[in-house]
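Listing of model.pdb; format and content: PDB, C-alpha atoms.
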ATOM      1  CA  ALA A   1     -15.002 -11.394  -7.878  1.00  0.00           C
ATOM      2  CA  VAL A   2     -13.155  -9.034  -5.557  1.00  0.00           C
ATOM      3  CA  ALA A   3     -13.693 -10.297  -2.008  1.00  0.00           C
ATOM      4  CA  VAL A   4     -12.088  -7.309  -0.262  1.00  0.00           C
ATOM      5  CA  ASP A   5     -14.716  -4.623   0.265  1.00  0.00           C
ATOM      6  CA  ILE A   6     -12.958  -1.298  -0.357  1.00  0.00           C
ATOM      7  CA  GLU A   7     -15.883   0.931   0.554  1.00  0.00           C
ATOM      8  CA  GLU A   8     -14.833   3.482   3.173  1.00  0.00           C
ATOM      9  CA  GLU A   9     -17.112   2.039   5.870  1.00  0.00           C
ATOM     10  CA  ALA A  10     -15.984  -1.561   5.301  1.00  0.00           C
ATOM     11  CA  TYR A  11     -14.883  -3.697   8.245  1.00  0.00           C
ATOM     12  CA  ARG A  12     -11.113  -4.051   8.781  1.00  0.00           C
ATOM     13  CA  ASP A  13     -10.404  -7.599   9.934  1.00  0.00           C
ATOM     14  CA  ILE A  14      -7.403  -7.084  12.213  1.00  0.00           C
ATOM     15  CA  ALA A  15      -7.784 -10.340  14.164  1.00  0.00           C
ATOM     16  CA  SER A  16      -7.447 -12.511  11.033  1.00  0.00           C
ATOM     17  CA  PHE A  17      -4.523 -10.382   9.891  1.00  0.00           C
ATOM     18  CA  GLU A  18      -2.638 -10.914  13.159  1.00  0.00           C
ATOM     19  CA  GLU A  19      -3.251 -14.660  12.938  1.00  0.00           C
ATOM     20  CA  TRP A  20      -1.980 -14.656   9.325  1.00  0.00           C
ATOM     21  CA  ALA A  21       1.104 -12.675  10.309  1.00  0.00           C
ATOM     22  CA  SER A  22       1.966 -15.056  13.117  1.00  0.00           C
ATOM     23  CA  TYR A  23       1.468 -18.108  10.916  1.00  0.00           C
ATOM     24  CA  GLY A  24       3.722 -16.525   8.275  1.00  0.00           C
ATOM     25  CA  GLY A  25       6.591 -16.142  10.703  1.00  0.00           C
ATOM     26  CA  ILE A  26       6.369 -12.426  11.493  1.00  0.00           C
ATOM     27  CA  GLN A  27       7.936 -11.994  14.930  1.00  0.00           C
ATOM     28  CA  LYS A  28       7.264  -9.215  17.428  1.00  0.00           C
ATOM     29  CA  ALA A  29       9.137  -7.978  20.464  1.00  0.00           C
ATOM     30  CA  ASP A  30       7.644  -8.553  23.894  1.00  0.00           C
ATOM     31  CA  GLY A  31       5.048  -5.891  24.598  1.00  0.00           C
ATOM     32  CA  PHE A  32       4.335  -5.165  20.922  1.00  0.00           C
ATOM     33  CA  GLN A  33       0.674  -4.798  20.078  1.00  0.00           C
ATOM     34  CA  LEU A  34      -1.680  -3.298  17.543  1.00  0.00           C
ATOM     35  CA  ILE A  35      -4.190  -0.829  18.938  1.00  0.00           C
ATOM     36  CA  SER A  36      -7.406   0.316  17.286  1.00  0.00           C
ATOM     37  CA  GLU A  37      -9.181   3.618  17.765  1.00  0.00           C
ATOM     38  CA  GLU A  38     -11.710   5.686  15.898  1.00  0.00           C
ATOM     39  CA  LEU A  39     -10.238   8.638  14.013  1.00  0.00           C
ATOM     40  CA  ASP A  40     -12.428  11.015  11.992  1.00  0.00           C
ATOM     41  CA  GLY A  41     -15.162   8.405  12.055  1.00  0.00           C
ATOM     42  CA  PHE A  42     -13.000   5.550  10.727  1.00  0.00           C
ATOM     43  CA  LEU A  43     -11.018   2.778  12.385  1.00  0.00           C
ATOM     44  CA  ASP A  44      -7.335   3.623  12.748  1.00  0.00           C
ATOM     45  CA  VAL A  45      -4.867   0.871  13.627  1.00  0.00           C
ATOM     46  CA  SER A  46      -1.325   1.539  14.795  1.00  0.00           C
ATOM     47  CA  ALA A  47       1.515  -0.240  16.576  1.00  0.00           C
ATOM     48  CA  MET A  48       2.823   0.431  20.052  1.00  0.00           C
ATOM     49  CA  THR A  49       4.737  -1.300  22.817  1.00  0.00           C
ATOM     50  CA  THR A  50       3.645  -1.651  26.420  1.00  0.00           C
ATOM     51  CA  GLN A  51       7.211  -1.593  27.715  1.00  0.00           C
ATOM     52  CA  ASP A  52      10.447   0.201  26.938  1.00  0.00           C
ATOM     53  CA  ILE A  53      12.646  -1.477  24.342  1.00  0.00           C
ATOM     54  CA  PRO A  54      16.412  -0.766  24.411  1.00  0.00           C
ATOM     55  CA  ALA A  55      17.823   1.254  21.523  1.00  0.00           C
ATOM     56  CA  GLY A  56      19.015  -0.923  18.667  1.00  0.00           C
ATOM     57  CA  SER A  57      16.753  -3.816  19.600  1.00  0.00           C
ATOM     58  CA  PRO A  58      14.536  -5.446  16.950  1.00  0.00           C
ATOM     59  CA  VAL A  59      10.866  -4.596  17.335  1.00  0.00           C
ATOM     60  CA  VAL A  60       9.381  -6.532  14.418  1.00  0.00           C
ATOM     61  CA  TYR A  61      10.919  -9.131  12.112  1.00  0.00           C
ATOM     62  CA  VAL A  62       9.201  -9.740   8.757  1.00  0.00           C
ATOM     63  CA  PRO A  63      10.515 -12.681   6.681  1.00  0.00           C
ATOM     64  CA  ALA A  64      11.356 -11.954   3.043  1.00  0.00           C
ATOM     65  CA  GLU A  65       8.491 -14.114   1.769  1.00  0.00           C
ATOM     66  CA  MET A  66       6.026 -11.960   3.729  1.00  0.00           C
ATOM     67  CA  ILE A  67       7.222  -8.717   2.134  1.00  0.00           C
ATOM     68  CA  LEU A  68       5.636  -7.312  -1.007  1.00  0.00           C
ATOM     69  CA  SER A  69       8.648  -6.482  -3.170  1.00  0.00           C
ATOM     70  CA  SER A  70       8.641  -4.682  -6.511  1.00  0.00           C
ATOM     71  CA  ASN A  71      11.677  -6.705  -7.586  1.00  0.00           C
ATOM     72  CA  ASN A  72       9.815  -9.932  -6.882  1.00  0.00           C
ATOM     73  CA  VAL A  73       6.712  -8.673  -8.657  1.00  0.00           C
ATOM     74  CA  MET A  74       8.703  -7.816 -11.789  1.00  0.00           C
ATOM     75  CA  GLU A  75      10.168 -11.304 -11.724  1.00  0.00           C
ATOM     76  CA  GLU A  76       6.754 -12.887 -11.182  1.00  0.00           C
ATOM     77  CA  PHE A  77       4.886 -11.004 -13.908  1.00  0.00           C
ATOM     78  CA  GLY A  78       7.778 -10.128 -16.209  1.00  0.00           C
ATOM     79  CA  ARG A  79       8.580  -6.633 -17.370  1.00  0.00           C
ATOM     80  CA  ILE A  80       5.733  -4.880 -19.194  1.00  0.00           C
ATOM     81  CA  GLN A  81       7.797  -2.819 -21.596  1.00  0.00           C
ATOM     82  CA  GLU A  82       4.887  -0.943 -23.169  1.00  0.00           C
ATOM     83  CA  ALA A  83       3.610   0.210 -19.778  1.00  0.00           C
ATOM     84  CA  GLU A  84       7.093   1.216 -18.646  1.00  0.00           C
ATOM     85  CA  GLN A  85       7.600   3.252 -21.805  1.00  0.00           C
ATOM     86  CA  LEU A  86       4.306   5.046 -21.262  1.00  0.00           C
ATOM     87  CA  LEU A  87       5.415   5.939 -17.742  1.00  0.00           C
ATOM     88  CA  ARG A  88       8.751   7.226 -19.032  1.00  0.00           C
ATOM     89  CA  ASP A  89       7.044   9.298 -21.723  1.00  0.00           C
ATOM     90  CA  SER A  90       4.759  10.913 -19.133  1.00  0.00           C
ATOM     91  CA  GLY A  91       7.649  11.723 -16.783  1.00  0.00           C
ATOM     92  CA  TYR A  92       7.055   8.992 -14.199  1.00  0.00           C
ATOM     93  CA  GLU A  93      10.033   6.718 -14.775  1.00  0.00           C
ATOM     94  CA  SER A  94      10.932   7.008 -11.080  1.00  0.00           C
ATOM     95  CA  GLU A  95       7.562   5.467 -10.155  1.00  0.00           C
ATOM     96  CA  ILE A  96       7.883   2.244 -12.174  1.00  0.00           C
ATOM     97  CA  ARG A  97       8.539   0.104  -9.106  1.00  0.00           C
ATOM     98  CA  GLN A  98       5.530   1.535  -7.327  1.00  0.00           C
ATOM     99  CA  TYR A  99       3.486   0.791 -10.448  1.00  0.00           C
ATOM    100  CA  TYR A 100       4.416  -2.891 -10.292  1.00  0.00           C
ATOM    101  CA  LEU A 101       3.389  -3.057  -6.635  1.00  0.00           C
ATOM    102  CA  MET A 102       0.030  -1.572  -7.612  1.00  0.00           C
ATOM    103  CA  LEU A 103      -0.373  -4.318 -10.211  1.00  0.00           C
ATOM    104  CA  LYS A 104       0.462  -6.967  -7.609  1.00  0.00           C
ATOM    105  CA  ILE A 105      -2.180  -5.656  -5.234  1.00  0.00           C
ATOM    106  CA  LEU A 106      -4.760  -5.594  -8.030  1.00  0.00           C
ATOM    107  CA  ALA A 107      -3.868  -9.130  -9.094  1.00  0.00           C
ATOM    108  CA  GLU A 108      -4.262 -10.380  -5.524  1.00  0.00           C
ATOM    109  CA  LEU A 109      -7.539  -8.504  -5.118  1.00  0.00           C
ATOM    110  CA  GLU A 110      -8.867 -10.306  -8.173  1.00  0.00           C
ATOM    111  CA  LYS A 111      -8.127 -13.684  -6.553  1.00  0.00           C
ATOM    112  CA  GLY A 112     -10.367 -12.765  -3.638  1.00  0.00           C
ATOM    113  CA  GLN A 113     -10.157 -15.111  -0.670  1.00  0.00           C
ATOM    114  CA  ASP A 114      -7.979 -17.488  -2.710  1.00  0.00           C
ATOM    115  CA  SER A 115      -5.143 -14.974  -2.486  1.00  0.00           C
ATOM    116  CA  PRO A 116      -2.510 -15.726   0.171  1.00  0.00           C
ATOM    117  CA  TRP A 117      -2.461 -11.974   0.792  1.00  0.00           C
ATOM    118  CA  PHE A 118      -6.193 -11.716   1.470  1.00  0.00           C
ATOM    119  CA  PRO A 119      -5.948 -11.387   5.298  1.00  0.00           C
ATOM    120  CA  TYR A 120      -3.453  -8.555   4.882  1.00  0.00           C
ATOM    121  CA  LEU A 121      -5.424  -6.688   2.220  1.00  0.00           C
ATOM    122  CA  ASN A 122      -8.642  -7.101   4.210  1.00  0.00           C
ATOM    123  CA  SER A 123      -7.019  -5.423   7.227  1.00  0.00           C
ATOM    124  CA  LEU A 124      -5.962  -2.251   5.430  1.00  0.00           C
ATOM    125  CA  PRO A 125      -7.641   1.173   5.618  1.00  0.00           C
ATOM    126  CA  ARG A 126     -10.351   1.991   3.118  1.00  0.00           C
ATOM    127  CA  TYR A 127     -10.472   5.687   3.907  1.00  0.00           C
ATOM    128  CA  TYR A 128      -7.563   7.933   2.881  1.00  0.00           C
ATOM    129  CA  SER A 129      -7.272  11.713   3.167  1.00  0.00           C
ATOM    130  CA  THR A 130      -4.587  12.208   0.524  1.00  0.00           C
ATOM    131  CA  GLY A 131      -4.440  14.395  -2.545  1.00  0.00           C
ATOM    132  CA  ALA A 132      -5.358  11.459  -4.768  1.00  0.00           C
ATOM    133  CA  SER A 133      -8.541  10.861  -2.780  1.00  0.00           C
ATOM    134  CA  MET A 134      -9.813  14.427  -3.082  1.00  0.00           C
ATOM    135  CA  THR A 135     -12.568  15.594  -5.391  1.00  0.00           C
ATOM    136  CA  LEU A 136     -12.407  18.701  -7.566  1.00  0.00           C
ATOM    137  CA  PHE A 137     -14.564  20.464  -4.976  1.00  0.00           C
ATOM    138  CA  CYS A 138     -12.060  19.593  -2.236  1.00  0.00           C
ATOM    139  CA  TYR A 139      -9.365  21.515  -4.091  1.00  0.00           C
ATOM    140  CA  THR A 140     -11.426  24.691  -3.815  1.00  0.00           C
ATOM    141  CA  CYS A 141     -11.607  24.351  -0.014  1.00  0.00           C
ATOM    142  CA  ILE A 142      -7.876  24.352   0.729  1.00  0.00           C
ATOM    143  CA  PRO A 143      -5.082  26.957   0.238  1.00  0.00           C
ATOM    144  CA  PRO A 144      -3.803  27.295  -3.363  1.00  0.00           C
ATOM    145  CA  LEU A 145      -0.336  25.855  -2.694  1.00  0.00           C
ATOM    146  CA  LEU A 146      -1.750  22.799  -0.935  1.00  0.00           C
ATOM    147  CA  ALA A 147      -4.301  22.383  -3.720  1.00  0.00           C
ATOM    148  CA  SER A 148      -1.502  22.450  -6.288  1.00  0.00           C
ATOM    149  CA  LEU A 149       0.394  19.694  -4.460  1.00  0.00           C
ATOM    150  CA  CYS A 150      -2.752  17.588  -4.144  1.00  0.00           C
ATOM    151  CA  LYS A 151      -3.481  17.987  -7.853  1.00  0.00           C
ATOM    152  CA  LYS A 152       0.031  16.736  -8.624  1.00  0.00           C
ATOM    153  CA  GLU A 153      -0.673  13.627  -6.619  1.00  0.00           C
ATOM    154  CA  ARG A 154      -3.953  13.110  -8.471  1.00  0.00           C
ATOM    155  CA  ALA A 155      -2.040  13.494 -11.753  1.00  0.00           C
ATOM    156  CA  ARG A 156       0.432  10.838 -10.608  1.00  0.00           C
ATOM    157  CA  LEU A 157      -2.430   8.448  -9.865  1.00  0.00           C
ATOM    158  CA  ASN A 158      -3.912   9.070 -13.292  1.00  0.00           C
ATOM    159  CA  ASN A 159      -0.594   8.524 -15.043  1.00  0.00           C
ATOM    160  CA  LEU A 160       0.142   5.341 -13.111  1.00  0.00           C
ATOM    161  CA  SER A 161      -3.220   3.866 -14.072  1.00  0.00           C
ATOM    162  CA  VAL A 162      -1.722   2.237 -17.189  1.00  0.00           C
ATOM    163  CA  LYS A 163      -4.096  -0.633 -17.863  1.00  0.00           C
ATOM    164  CA  ARG A 164      -4.187  -1.718 -21.501  1.00  0.00           C
ATOM    165  CA  PRO A 165      -0.808  -3.526 -21.697  1.00  0.00           C
ATOM    166  CA  VAL A 166      -1.501  -5.555 -18.513  1.00  0.00           C
ATOM    167  CA  SER A 167      -2.597  -8.943 -19.841  1.00  0.00           C
ATOM    168  CA  PHE A 168      -3.006 -10.737 -16.492  1.00  0.00           C
ATOM    169  CA  LEU A 169      -5.762  -8.450 -15.160  1.00  0.00           C
ATOM    170  CA  SER A 170      -9.372  -8.924 -16.221  1.00  0.00           C
ATOM    171  CA  ASN A 171     -11.280  -6.176 -17.963  1.00  0.00           C
ATOM    172  CA  ASP A 172     -13.413  -5.792 -14.823  1.00  0.00           C
ATOM    173  CA  ILE A 173     -10.333  -4.976 -12.762  1.00  0.00           C
ATOM    174  CA  LYS A 174      -8.825  -2.774 -15.453  1.00  0.00           C
ATOM    175  CA  GLY A 175     -12.022  -0.754 -15.673  1.00  0.00           C
ATOM    176  CA  ASN A 176     -12.512  -0.302 -11.921  1.00  0.00           C
ATOM    177  CA  ALA A 177     -11.091   3.142 -11.152  1.00  0.00           C
ATOM    178  CA  LYS A 178     -11.864   2.756  -7.424  1.00  0.00           C
ATOM    179  CA  LEU A 179      -9.666  -0.328  -7.186  1.00  0.00           C
ATOM    180  CA  TRP A 180      -6.779   1.406  -8.970  1.00  0.00           C
ATOM    181  CA  LYS A 181      -7.047   4.365  -6.624  1.00  0.00           C
ATOM    182  CA  TRP A 182      -7.140   2.081  -3.580  1.00  0.00           C
ATOM    183  CA  ALA A 183      -4.093   0.127  -4.766  1.00  0.00           C
ATOM    184  CA  TYR A 184      -2.294   3.435  -5.341  1.00  0.00           C
ATOM    185  CA  GLN A 185      -3.140   4.631  -1.824  1.00  0.00           C
ATOM    186  CA  VAL A 186      -1.873   1.394  -0.275  1.00  0.00           C
ATOM    187  CA  VAL A 187       1.451   1.587  -2.128  1.00  0.00           C
ATOM    188  CA  TYR A 188       2.130   5.262  -1.523  1.00  0.00           C
ATOM    189  CA  THR A 189       1.125   5.352   2.146  1.00  0.00           C
ATOM    190  CA  ARG A 190       2.747   2.066   3.224  1.00  0.00           C
ATOM    191  CA  GLY A 191       5.660   1.464   0.852  1.00  0.00           C
ATOM    192  CA  PHE A 192       9.344   2.238   1.377  1.00  0.00           C
ATOM    193  CA  GLU A 193      12.528   2.027  -0.651  1.00  0.00           C
ATOM    194  CA  SER A 194      14.899  -0.609   0.704  1.00  0.00           C
ATOM    195  CA  ASN A 195      18.155   0.593   2.200  1.00  0.00           C
ATOM    196  CA  ASN A 196      20.309  -2.169   0.708  1.00  0.00           C
ATOM    197  CA  GLY A 197      21.084  -0.338  -2.535  1.00  0.00           C
ATOM    198  CA  SER A 198      18.887  -2.552  -4.703  1.00  0.00           C
ATOM    199  CA  GLY A 199      16.320   0.147  -5.422  1.00  0.00           C
ATOM    200  CA  ASP A 200      13.613  -2.312  -4.398  1.00  0.00           C
ATOM    201  CA  PHE A 201      10.318  -0.766  -3.268  1.00  0.00           C
ATOM    202  CA  CYS A 202       8.570  -2.789  -0.588  1.00  0.00           C
ATOM    203  CA  ILE A 203       5.635  -3.096   1.771  1.00  0.00           C
ATOM    204  CA  ALA A 204       6.270  -4.993   5.019  1.00  0.00           C
ATOM    205  CA  PRO A 205       3.064  -6.152   6.743  1.00  0.00           C
ATOM    206  CA  VAL A 206       2.851  -5.371  10.483  1.00  0.00           C
ATOM    207  CA  ALA A 207       5.867  -3.040  10.191  1.00  0.00           C
ATOM    208  CA  ASP A 208       3.655  -0.793   8.057  1.00  0.00           C
ATOM    209  CA  MET A 209       1.357  -0.313  11.040  1.00  0.00           C
ATOM    210  CA  PHE A 210       3.807   1.974  12.812  1.00  0.00           C
ATOM    211  CA  ASN A 211       2.822   5.623  12.807  1.00  0.00           C
ATOM    212  CA  HIS A 212       5.196   7.011  10.161  1.00  0.00           C
ATOM    213  CA  HIS A 213       4.644  10.750  10.414  1.00  0.00           C
ATOM    214  CA  GLY A 214       8.434  11.198  10.502  1.00  0.00           C
ATOM    215  CA  TYR A 215       8.722  14.103  12.936  1.00  0.00           C
ATOM    216  CA  GLU A 216      10.363  12.217  15.784  1.00  0.00           C
ATOM    217  CA  PRO A 217      10.937   8.671  14.498  1.00  0.00           C
ATOM    218  CA  GLU A 218      11.582   6.038  17.139  1.00  0.00           C
ATOM    219  CA  ILE A 219      12.184   3.105  14.788  1.00  0.00           C
ATOM    220  CA  ALA A 220      14.166   2.494  11.606  1.00  0.00           C
ATOM    221  CA  LEU A 221      13.621  -0.023   8.810  1.00  0.00           C
ATOM    222  CA  ALA A 222      16.472  -2.373   7.917  1.00  0.00           C
ATOM    223  CA  TYR A 223      16.092  -4.512   4.802  1.00  0.00           C
TER     224      TYR A 223
END

Would you encode the structure as structure tokens?
Amino acid sequence: AVAVDIEEEAYRDIASFEEWASYGGIQKADGFQLISEELDGFLDVSAMTTQDIPAGSPVVYVPAEMILSSNNVMEEFGRIQEAEQLLRDSGYESEIRQYYLMLKILAELEKGQDSPWFPYLNSLPRYYSTGASMTLFCYTCIPPLLASLCKKERARLNNLSVKRPVSFLSNDIKGNAKLWKWAYQVVYTRGFESNNGSGDFCIAPVADMFNHHGYEPEIALAY
């Protein structure tokens, strides 16, 4: 059974997540903290510091074993050639690494509280206001160009929901469209491509809590 409740109103357990992060060796600069506030009726959690940190100083250190890595996932599960070919045929070859991260999240969700990643997954947002989360009615309420972009994101979600060739997921997980959409949202709102030339696509817990709107970035990821 899936122990992480992904309903939009579900409780986000931030305290257990911070304990898990500390136990796993994630280090934070002095003054670093996670703050919670209500945004549009849902809990929003972001990172901040209570004191100035000199430029070039580390703010958060996440050990390799605490990073969700598409390269590691492909090594763990093996390459699923049939699924990869389906993604290539539908024009989504560039999203293969994100697809494997989605599979990893789904596999860990299926383990429930037995998953070592449970405290992290149980801390994540359930509500997303992205194109993939919109309904057909939502598309009629926004400008045509924006609606077109949102529909493209929904199409990407649909095309990345390649289930049949995945032998390690149960039929219950494969048939749960809500879980696939949630895994997609996690990957595409929190993931980043590593800057070491490997092409690896990663999610770094705690570091993913920084507000990453990108207008005036104050931090940079080094991997």

* Asked: Taking the file as shown, what set of residues would the PyMOL selection byres ((chain A and resi 69-75) around 6) give back, as a ChimeraX atom specification?
  -> /A:67-68,76-79,97,100-101,200-202

* Structure fact -> Counting only C-alpha atoms, closest pick from A:Lys28, A:Arg190, A:Arg88, A:Arg126 relative to Leu160 of chain A is A:Arg88

* **Separation of atom CA of Leu146 of chain A from atom CA of Glu8 of chain A in Å** =>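 Atom-to-atom, atom CA of Glu8 of chain A to atom CA of Leu146 of chain A, that is 23.7 Å.
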
* Of the candidates A:Leu86, A:Leu221, A:Ala21, A:Leu39, which one gets nearest to Pro165 of chain A if we count only C-alpha atoms? ->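 Answer, going by the shortest atom-to-atom distance: A:Leu86.
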
* Structure fact -> Between A:Glu84, A:Asp208, A:Glu193, A:Asp52, smallest distance to Tyr120 of chain A by all atoms listed in the file belongs to A:Asp208

* To one decimal place, how far is atom CA of Ile142 of chain A from atom CA of Arg154 of chain A in Å? ->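 We find that atom CA of Ile142 of chain A and atom CA of Arg154 of chain A lie 15.0 Å from each other.
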
* Asked: Using all atoms listed in the file, which residues sit within 8 Å of Leu157 of chain A once same-chain residues fewer than 3 positions away are excluded, as a list of chain:residue names?
  -> A:Ala132, A:Glu153, A:Arg154, A:Leu160, A:Ser161, A:Lys181, A:Tyr184

* **Residue contacts of Tyr139 of chain A (10 Å, all atoms listed in the file) excluding same-chain residues fewer than 4 positions away, as number ranges by chain** => A: 131, 134-135, 143-144, 146-151

With C-alpha atoms retained, export the selected residues as a PDB file, in the coordinates of the input.
ATOM      1  CA  GLY A 131      -4.440  14.395  -2.545  1.00  0.00           C
ATOM      2  CA  MET A 134      -9.813  14.427  -3.082  1.00  0.00           C
ATOM      3  CA  THR A 135     -12.568  15.594  -5.391  1.00  0.00           C
ATOM      4  CA  PRO A 143      -5.082  26.957   0.238  1.00  0.00           C
ATOM      5  CA  PRO A 144      -3.803  27.295  -3.363  1.00  0.00           C
ATOM      6  CA  LEU A 146      -1.750  22.799  -0.935  1.00  0.00           C
ATOM      7  CA  ALA A 147      -4.301  22.383  -3.720  1.00  0.00           C
ATOM      8  CA  SER A 148      -1.502  22.450  -6.288  1.00  0.00           C
ATOM      9  CA  LEU A 149       0.394  19.694  -4.460  1.00  0.00           C
ATOM     10  CA  CYS A 150      -2.752  17.588  -4.144  1.00  0.00           C
ATOM     11  CA  LYS A 151      -3.481  17.987  -7.853  1.00  0.00           C
TER      12      LYS A 151
END

* What is the distance between atom CA of Ala204 of chain A and atom CA of Gly191 of chain A, in Å to one decimal? ->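 Value for the atom CA of Ala204 of chain A-atom CA of Gly191 of chain A distance: 7.7 Å.
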
* To do: With a distance cut-off of 9 Å and only C-alpha atoms, select the neighbouring residues of Glu18 of chain A, excluding the residue or stretch itself and same-chain residues fewer than 3 positions from it, and output the selection as a PyMOL selection string.
  => chain A and resi 14-15+21-23+34+119-120+206

Take the point (-4.5, -5.5, -2.8) as written in the file and pick out every residue within 10 Å of it, counting all atoms listed in the file; give the list as a short mmCIF file (atom, residue, chain, number, x, y, z; two decimals) with C-alpha atoms, keeping the file's coordinate frame.
data_model
loop_
_atom_site.label_atom_id
_atom_site.label_comp_id
_atom_site.auth_asym_id
_atom_site.auth_seq_id
_atom_site.Cartn_x
_atom_site.Cartn_y
_atom_site.Cartn_z
CA VAL A 2 -13.16 -9.03 -5.56
CA VAL A 4 -12.09 -7.31 -0.26
CA ILE A 6 -12.96 -1.30 -0.36
CA LEU A 101 3.39 -3.06 -6.64
CA MET A 102 0.03 -1.57 -7.61
CA LEU A 103 -0.37 -4.32 -10.21
CA LYS A 104 0.46 -6.97 -7.61
CA ILE A 105 -2.18 -5.66 -5.23
CA LEU A 106 -4.76 -5.59 -8.03
CA ALA A 107 -3.87 -9.13 -9.09
CA GLU A 108 -4.26 -10.38 -5.52
CA LEU A 109 -7.54 -8.50 -5.12
CA GLU A 110 -8.87 -10.31 -8.17
CA LYS A 111 -8.13 -13.68 -6.55
CA GLY A 112 -10.37 -12.76 -3.64
CA SER A 115 -5.14 -14.97 -2.49
CA TRP A 117 -2.46 -11.97 0.79
CA PHE A 118 -6.19 -11.72 1.47
CA TYR A 120 -3.45 -8.56 4.88
CA LEU A 121 -5.42 -6.69 2.22
CA ASN A 122 -8.64 -7.10 4.21
CA LEU A 124 -5.96 -2.25 5.43
CA LEU A 179 -9.67 -0.33 -7.19
CA TRP A 180 -6.78 1.41 -8.97
CA TRP A 182 -7.14 2.08 -3.58
CA ALA A 183 -4.09 0.13 -4.77
CA TYR A 184 -2.29 3.44 -5.34
CA VAL A 186 -1.87 1.39 -0.28
CA VAL A 187 1.45 1.59 -2.13
#

Can you fill out segment 137-142 of chain A with all heavy atoms and hand it back as a PDB file, in the frame of the given file?
ATOM      1  N   PHE A 137     -14.034  19.488  -5.929  1.00  0.00           N
ATOM      2  CA  PHE A 137     -14.564  20.464  -4.976  1.00  0.00           C
ATOM      3  C   PHE A 137     -13.616  20.628  -3.794  1.00  0.00           C
ATOM      4  O   PHE A 137     -13.435  21.740  -3.278  1.00  0.00           O
ATOM      5  CB  PHE A 137     -15.949  20.027  -4.493  1.00  0.00           C
ATOM      6  CG  PHE A 137     -16.515  20.915  -3.418  1.00  0.00           C
ATOM      7  CD1 PHE A 137     -17.006  22.179  -3.732  1.00  0.00           C
ATOM      8  CD2 PHE A 137     -16.529  20.502  -2.085  1.00  0.00           C
ATOM      9  CE1 PHE A 137     -17.508  23.006  -2.742  1.00  0.00           C
ATOM     10  CE2 PHE A 137     -17.040  21.321  -1.104  1.00  0.00           C
ATOM     11  CZ  PHE A 137     -17.537  22.581  -1.426  1.00  0.00           C
ATOM     12  N   CYS A 138     -12.993  19.517  -3.366  1.00  0.00           N
ATOM     13  CA  CYS A 138     -12.060  19.593  -2.236  1.00  0.00           C
ATOM     14  C   CYS A 138     -10.934  20.584  -2.506  1.00  0.00           C
ATOM     15  O   CYS A 138     -10.489  21.296  -1.601  1.00  0.00           O
ATOM     16  CB  CYS A 138     -11.458  18.215  -1.957  1.00  0.00           C
ATOM     17  SG  CYS A 138     -12.620  16.998  -1.312  1.00  0.00           S
ATOM     18  N   TYR A 139     -10.477  20.627  -3.755  1.00  0.00           N
ATOM     19  CA  TYR A 139      -9.365  21.515  -4.091  1.00  0.00           C
ATOM     20  C   TYR A 139      -9.717  22.985  -3.895  1.00  0.00           C
ATOM     21  O   TYR A 139      -8.841  23.812  -3.665  1.00  0.00           O
ATOM     22  CB  TYR A 139      -8.922  21.283  -5.540  1.00  0.00           C
ATOM     23  CG  TYR A 139      -8.402  19.888  -5.822  1.00  0.00           C
ATOM     24  CD1 TYR A 139      -8.710  19.233  -7.005  1.00  0.00           C
ATOM     25  CD2 TYR A 139      -7.594  19.221  -4.909  1.00  0.00           C
ATOM     26  CE1 TYR A 139      -8.241  17.958  -7.269  1.00  0.00           C
ATOM     27  CE2 TYR A 139      -7.123  17.947  -5.160  1.00  0.00           C
ATOM     28  CZ  TYR A 139      -7.443  17.313  -6.340  1.00  0.00           C
ATOM     29  OH  TYR A 139      -6.977  16.051  -6.597  1.00  0.00           O
ATOM     30  N   THR A 140     -11.006  23.300  -3.983  1.00  0.00           N
ATOM     31  CA  THR A 140     -11.426  24.691  -3.815  1.00  0.00           C
ATOM     32  C   THR A 140     -11.520  25.090  -2.342  1.00  0.00           C
ATOM     33  O   THR A 140     -11.666  26.268  -2.032  1.00  0.00           O
ATOM     34  CB  THR A 140     -12.795  24.929  -4.483  1.00  0.00           C
ATOM     35  OG1 THR A 140     -13.808  24.188  -3.767  1.00  0.00           O
ATOM     36  CG2 THR A 140     -12.775  24.478  -5.938  1.00  0.00           C
ATOM     37  N   CYS A 141     -11.428  24.091  -1.441  1.00  0.00           N
ATOM     38  CA  CYS A 141     -11.607  24.351  -0.014  1.00  0.00           C
ATOM     39  C   CYS A 141     -10.293  24.455   0.749  1.00  0.00           C
ATOM     40  O   CYS A 141     -10.306  24.634   1.963  1.00  0.00           O
ATOM     41  CB  CYS A 141     -12.464  23.249   0.612  1.00  0.00           C
ATOM     42  SG  CYS A 141     -14.093  23.048  -0.151  1.00  0.00           S
ATOM     43  N   ILE A 142      -9.180  24.330   0.059  1.00  0.00           N
ATOM     44  CA  ILE A 142      -7.876  24.352   0.729  1.00  0.00           C
ATOM     45  C   ILE A 142      -7.010  25.441   0.097  1.00  0.00           C
ATOM     46  O   ILE A 142      -7.297  25.910  -1.013  1.00  0.00           O
ATOM     47  CB  ILE A 142      -7.172  22.983   0.627  1.00  0.00           C
ATOM     48  CG1 ILE A 142      -7.051  22.534  -0.836  1.00  0.00           C
ATOM     49  CG2 ILE A 142      -7.927  21.936   1.428  1.00  0.00           C
ATOM     50  CD1 ILE A 142      -6.336  21.199  -1.008  1.00  0.00           C
TER      51      ILE A 142
END
